[in-house]
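Participant: Got a structure here, written out as structure tokens. Questions coming.
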Amino acid sequence: VQGTPCHHCLIAVSRPPPSSSPMGSGASAGVAEGMKAMTDAEMKDLVASFDAATLEKLQKALDGTAKKAGKVLIVTTSADKMGEHATGAWSEEITGPYYIFLDKGLEVKVCSVAGGDIPIDAGSLSDTFKTENDKRMMEADNGPLKGTSKLADEDVTQFDIVFFSGGHGTCVDFPTEEVGAAVSKAAAAGKVVASVCHGPMAFVSAKGADGEPFVKGKKITCFSDVEEGQVGLTEKVPFLLEAKLKELGAEVSVGDPWGSKAVIDGKLVTGQNPQSSVEAAKACLTLL
């Protein structure tokens, strides 16, 4: 009958578990199979038949599942200029990880150093570089990138992954004591700390528990000095990132320019360039 809940699901939901099967095995499997057979309309009718107490249990179960999936904080630059050079965050380095995490059921929040709307490097949205992730964010009216909170107002220990996205704007506001302290705090709390491209600018002022540079002795990758030269900004950046990280004691490895490369060292994940954004995000998921 049209509008009547699927009989498979009514049986599965109402049938008591066999005495030989503990609740959560045979019973839950029956419910799951029944619900798979339902149409959207049948699902709505079934939910409408639940009383308030049952709905409350269902909501708590769903909330618990969402919490178990994990929370991610994506940190971006707030700088739209590097000297006289117009810049900002590189779009794919936010949108790629954002949708990888979101589509895996994680709770994702984007913040920036100064808060407010995130400046996006116009070059990253040109026809040459715009990705499907960028288009998806644009279709969402860039909502997650507007009116962001300040990094200083976020407790990084409340997130499972803290991901520092890149773009040349990070050359301005990531190598600071404030950002470095956030890196150190997240790492000390055992969180996954990640970055891509120029995102490791956040590590420059970060310290380990021993007071040494955070990156000392760690295997990482970053935007290479060769790539910096190829985009013509060697003379405009405050320092070459690859060289700086090596100077701080990091074991830096880079691949061919513009190829995807991610490195995992414990709970530290780094990606080389914009093309590595998705790979780096997927690497983070393996550590949860």
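Note on naming: chains are A, B, ... as they come in the structure tokens, residues start from 1 per chain, ligands start from 1 in the order shown.
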So which residues touch region 78-95 of chain A within 7 Å, counting only C-alpha atoms, skipping near sequence neighbours fewer than 2 positions away, as a ChimeraX atom specification?

Facilitator: /A:76,97-99,112-114,118-121,124-125,131,133-134,137,165-169,172-173,196,274,277

Participant: Could you give me the residues within region 16-200 of chain A that DSSP places in helix (DSSP H, G or I), as a VMD selection string?

Facilitator: chain A and resid 26 to 36 40 to 48 52 to 69 92 to 103 122 to 125 132 to 139 143 to 145 151 to 153 156 to 158 170 to 173 177 to 188 199 to 200

Participant: When you draw a straight line from CA of Trp258 (chain A) to CA of Asn273 (chain A), how long is it in Å?

Facilitator: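 Atom-to-atom, CA of Trp258 (chain A) and CA of Asn273 (chain A) are spaced 6.5 Å apart.
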
Participant: Pick the closest to Val193 (chain A) from A:Val278, A:Cys222, A:Val162, A:Leu287: which is it, counting only C-alpha atoms?

Facilitator: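 Looking only at the distances to Val193 (chain A), the closest residue turns out to be A:Val162.
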
Participant: Can you check which residues of region 32-266 of chain A DSSP gives as strand (DSSP E or B) on the backbone and send them as a PyMOL selection string?

Facilitator: chain A and resi 71-76+81-82+85-86+89+107-112+116+120+148-150+161-164+192-196+207+213+219-220+251-252+262-265

Participant: Measuring between only C-alpha atoms, which one of A:Ser253, A:Gln230, A:Thr221, A:Thr39 shows the shortest distance to Leu268 (chain A)?

Facilitator: A:Thr221

Participant: Which of these residues is nearest to Ala250 (chain A), using only C-alpha atoms: A:Phe50, A:Phe129, A:Phe101, A:Phe214?

Facilitator: A:Phe214

Participant: From the options A:Glu251, A:Glu42, A:Asp160, A:Glu242, which residue's atoms come nearest to Ile74 (chain A), counting only C-alpha atoms?

Facilitator: A:Asp160

Participant: For Lys236 (chain A), which of A:Glu132, A:Cys171, A:Ala189, A:Gly266 is the closest residue, counting only C-alpha atoms?

Facilitator: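 Comparing A:Glu132, A:Cys171, A:Ala189, A:Gly266 against Lys236 (chain A), the winner is A:Cys171.
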
Participant: Have a look at A:Thr128, A:Thr77, A:Ser260, A:Ser195 and name the one nearest to Lys150 (chain A); count only C-alpha atoms.

Facilitator: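 Residue with the minimum atom-to-atom distance to Lys150 (chain A): A:Thr77.
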
Participant: To one decimal place, how far is CA of Asp265 (chain A) from CA of Gly199 (chain A) in Å?

Facilitator: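 Interatomic distance here is 16.1 Å.
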
Participant: Need to verify the contact set: Leu73 (chain A), 7 Å, only C-alpha atoms, exclusion of same-chain residues closer than 2 positions in sequence. Can you return it as a PyMOL selection string?

Facilitator: chain A and resi 71+75+108-110+159+161-163

Participant: Could you write out that same residue set with N, CA and C atoms as a compact mmCIF listing (two decimals), in the first residue's frame?

Facilitator:
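And here's again_11.txt as it stands now:
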```txt
# COMPACT_ATOMS: atom_id res chain seq x y z
N LYS A 71 36.71 15.13 14.31
CA LYS A 71 36.58 16.56 14.04
C LYS A 71 37.87 17.08 13.43
N VAL A 75 43.10 25.26 9.03
CA VAL A 75 43.60 26.60 9.35
C VAL A 75 44.14 27.25 8.08
N VAL A 108 33.86 19.19 9.97
CA VAL A 108 34.96 20.03 9.49
C VAL A 108 34.67 21.51 9.74
N LYS A 109 35.65 22.19 10.32
CA LYS A 109 35.53 23.63 10.56
C LYS A 109 36.74 24.31 9.94
N VAL A 110 36.51 25.46 9.31
CA VAL A 110 37.59 26.24 8.72
C VAL A 110 37.77 27.51 9.56
N PHE A 159 40.13 18.98 18.44
CA PHE A 159 40.01 18.44 17.09
C PHE A 159 40.94 17.24 16.94
N ILE A 161 42.13 16.27 13.89
CA ILE A 161 43.10 16.65 12.85
C ILE A 161 43.15 18.18 12.79
N VAL A 162 44.34 18.73 12.79
CA VAL A 162 44.52 20.17 12.58
C VAL A 162 45.35 20.31 11.31
N PHE A 163 44.72 20.84 10.27
CA PHE A 163 45.30 20.84 8.92
C PHE A 163 45.60 22.28 8.49
```

Participant: Please identify all polymer residues within 8 Å of Met201 (chain A), counting only C-alpha atoms, omitting same-chain residues fewer than 4 positions from it, and present them as a PyMOL selection string.

Facilitator: chain A and resi 170-171+174-175+241

Participant: Separation of CA of Val204 (chain A) and CA of Glu177 (chain A), in Å?

Facilitator: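 Pair CA of Val204 (chain A) / CA of Glu177 (chain A) returns 8.9 Å.
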